[in-house]
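Okay, so here's the structure we're looking at.
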Amino acid sequence: VFPHLLTKIPPGVLPMDSNGNLLQNQPSSRGIPGDVVVLMESSGSNTELDAIRLETFLTHIINTTADSSMPLVVDAALSMDSSQEAAMWNVRESVSVSLMELCRQNISISNILSHKTNTNDVQKQPHPFKKLYKYDLSISFNQTDEFLSDLKLRFSQLEGVYVLDYNKSNQIEDGNHHCELMFCCFGHVADENLHLNIVATFYVNDQEREKAIQSMQEILNHHVFDLIISKRGSISAEHGIGQQKRAAMKLCRSESELKVMRAIKNALDPNDIMNPGKVLPEA
């Protein structure tokens with residue numbers, strides 16, 4: 001059994017295709033009990049025997065409790081054919097596209113979560129605009145919940161920032177904020193990869209948009225990287241360092257380690273023609 005992916009899609013984030021069209025009659029994690037949804041695949045040479053083994057496994061974990069009161073697994077569904085399997089995979093694969101489409105809608109996330117889909121319900125001026133921030137992290141999954149809770153706590157303590165809880169229907173306690181943040185995560189359980197997606201809704205004038213976007217990027221980078229390193233995680237998982245995380249390498253590697261890495265780079269590529277300007281920060 002391969003426990004590939006972990007996802008919990010907030011209400012309002014529905015399966016969509018690459019053109020932003022809502023996919024009809026598709027399953028989603030809306031209304032599914034529990035904190036996370038795990039999508040698993042099994043592989044074997046005997047289809048009937050494999051199905052029996054998987055059903056036995058699911059029955060066992062559903063009847064297992066994490067402690068005296070909380071069941072380890074609340075519910076489970078097993079695909080019976082390839083079309084059902086594809087529909088389940090679509091829940092996972094549509095998350096990124098759906099979040100990007102959500103950012104294009106001219107309405108705040110708080111109003112969407114409060115089931116106010118009419119833009120006339122938006123009382124704040126100027127009208128909100130949204131930005132999706134994406135992080136590719138690695139962390140032990142037994143620390144994931146603590147990491148996310150600590151991260152949300154940090155941002156809830158920042159002046160002018162409101163952290164949305166998509167388990168609440170009535171979101172806004174006060175109007176003294178210029179930015180709302182919604183956290184949505186999915187990832188690969190076996191590899192302990194966590195794809196952290198943060199949708200920020202800004203309430204600033206057009207002239208201040210780019211400054212607000214860049215400022216929030218810097219604040220997010222600081223807190224996300226600082227916290228993930230404190231949990232002995234990694235600032236990058238499957239997508240590498242590239243250009244965007246070059247500066248952050250100094251946070252997770254000592255200067256001695258960086259010197260060794262630069263020495264190896266210089267020995268193999270003295271003219272710096274192989275993927276220049278990537279990974280290693282300026283000395």
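Convention: chains lettered A, B, ... in structure tokens order; per-chain residue numbering from 1; ligands numbered from 1 as shown.
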_For His60 of chain A: contacts at 12 Å, only C-alpha atoms, fewer than 5 positions along chain excluded, given as a VMD selection string_ = chain A and resid 53 to 55 65 71 to 76
*For Ile235 of chain A, which of A:Ser149, A:Asn221, A:Ser79, A:Asn197 is the closest residue, counting only C-alpha atoms?*
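Selected residue with least distance to Ile235 of chain A: A:Asn221.
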*Polymer residues at most 12 Å from segment 243-260 of chain A, only C-alpha atoms, same-chain spacing of 2 or more positions, as a PyMOL selection string*: chain A and resi 134-137+217-218+221-237+239-241+262-267+275-283
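Ranking A:Ala77, A:Met88, A:Leu196, A:Val204 by their shortest atom-to-atom distance to Pro128 of chain A, with only C-alpha atoms included, puts A:Val204 first.
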*Write down as a VMD selection string the residues belonging to segment 34-246 of chain A that are assigned strand (DSSP E) by DSSP computed on the backbone.*
chain A and resid 37 to 41 129 to 138 161 to 163 179 to 188 193 to 202
Writing out the chosen residues with C-alpha atoms as a PDB file, in the first residue's frame:
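Result file follows (out23.pdb):
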```pdb
ATOM      1  CA  VAL A  37      -7.952  13.161   3.744  1.00  0.00           C
ATOM      2  CA  VAL A  38      -5.432  10.484   2.742  1.00  0.00           C
ATOM      3  CA  LEU A  39      -5.490   9.116  -0.796  1.00  0.00           C
ATOM      4  CA  MET A  40      -3.865   5.686  -1.020  1.00  0.00           C
ATOM      5  CA  GLU A  41      -2.992   3.355  -3.875  1.00  0.00           C
ATOM      6  CA  PHE A 129      -7.525  41.219  -4.345  1.00  0.00           C
ATOM      7  CA  LYS A 130      -5.844  37.894  -3.693  1.00  0.00           C
ATOM      8  CA  LYS A 131      -2.412  36.335  -4.083  1.00  0.00           C
ATOM      9  CA  LEU A 132      -1.440  32.654  -3.835  1.00  0.00           C
ATOM     10  CA  TYR A 133       1.864  31.887  -2.108  1.00  0.00           C
ATOM     11  CA  LYS A 134       3.257  28.364  -2.552  1.00  0.00           C
ATOM     12  CA  TYR A 135       5.893  26.494  -0.532  1.00  0.00           C
ATOM     13  CA  ASP A 136       7.451  23.088  -1.125  1.00  0.00           C
ATOM     14  CA  LEU A 137       8.621  21.838   2.269  1.00  0.00           C
ATOM     15  CA  SER A 138       9.714  18.635   3.939  1.00  0.00           C
ATOM     16  CA  VAL A 161      -3.399  40.189   9.693  1.00  0.00           C
ATOM     17  CA  TYR A 162      -6.387  37.857  10.209  1.00  0.00           C
ATOM     18  CA  VAL A 163      -5.965  34.077   9.915  1.00  0.00           C
ATOM     19  CA  CYS A 179      -4.882  41.124   5.055  1.00  0.00           C
ATOM     20  CA  GLU A 180      -6.608  37.750   5.501  1.00  0.00           C
ATOM     21  CA  LEU A 181      -4.681  34.484   5.235  1.00  0.00           C
ATOM     22  CA  MET A 182      -6.070  31.033   4.461  1.00  0.00           C
ATOM     23  CA  PHE A 183      -3.799  27.980   4.738  1.00  0.00           C
ATOM     24  CA  CYS A 184      -4.342  24.932   2.512  1.00  0.00           C
ATOM     25  CA  CYS A 185      -1.976  21.967   2.546  1.00  0.00           C
ATOM     26  CA  PHE A 186      -1.468  18.785   0.609  1.00  0.00           C
ATOM     27  CA  GLY A 187       1.515  16.561   0.038  1.00  0.00           C
ATOM     28  CA  HIS A 188       3.123  13.164  -0.274  1.00  0.00           C
ATOM     29  CA  ASN A 193       6.613  16.425   1.434  1.00  0.00           C
ATOM     30  CA  LEU A 194       4.272  19.221   2.454  1.00  0.00           C
ATOM     31  CA  HIS A 195       2.928  21.605  -0.181  1.00  0.00           C
ATOM     32  CA  LEU A 196       1.927  24.652   1.829  1.00  0.00           C
ATOM     33  CA  ASN A 197      -0.442  26.978  -0.044  1.00  0.00           C
ATOM     34  CA  ILE A 198      -1.416  30.317   1.478  1.00  0.00           C
ATOM     35  CA  VAL A 199      -4.129  32.470  -0.078  1.00  0.00           C
ATOM     36  CA  ALA A 200      -3.764  36.095   1.006  1.00  0.00           C
ATOM     37  CA  THR A 201      -6.631  38.540   0.577  1.00  0.00           C
ATOM     38  CA  PHE A 202      -5.419  42.153   0.643  1.00  0.00           C
TER      39      PHE A 202
END
```
*Identify, with DSSP run on backbone atoms, the residues in segment 63-94 of chain A assigned to alpha helix (DSSP H), and express the list as a PyMOL selection string.*
chain A and resi 82-93
_Need to verify the contact set: Trp89 of chain A, 10 Å, only C-alpha atoms, exclusion of same-chain residues closer than 3 positions in sequence. Can you return it as an MDAnalysis selection string?_
chainID A and resid 5 27 39:40 83:86 92:94
*So how many Å separate atom CA of Ile139 of chain A and atom CA of Gln157 of chain A, to one decimal?*
23.7 Å
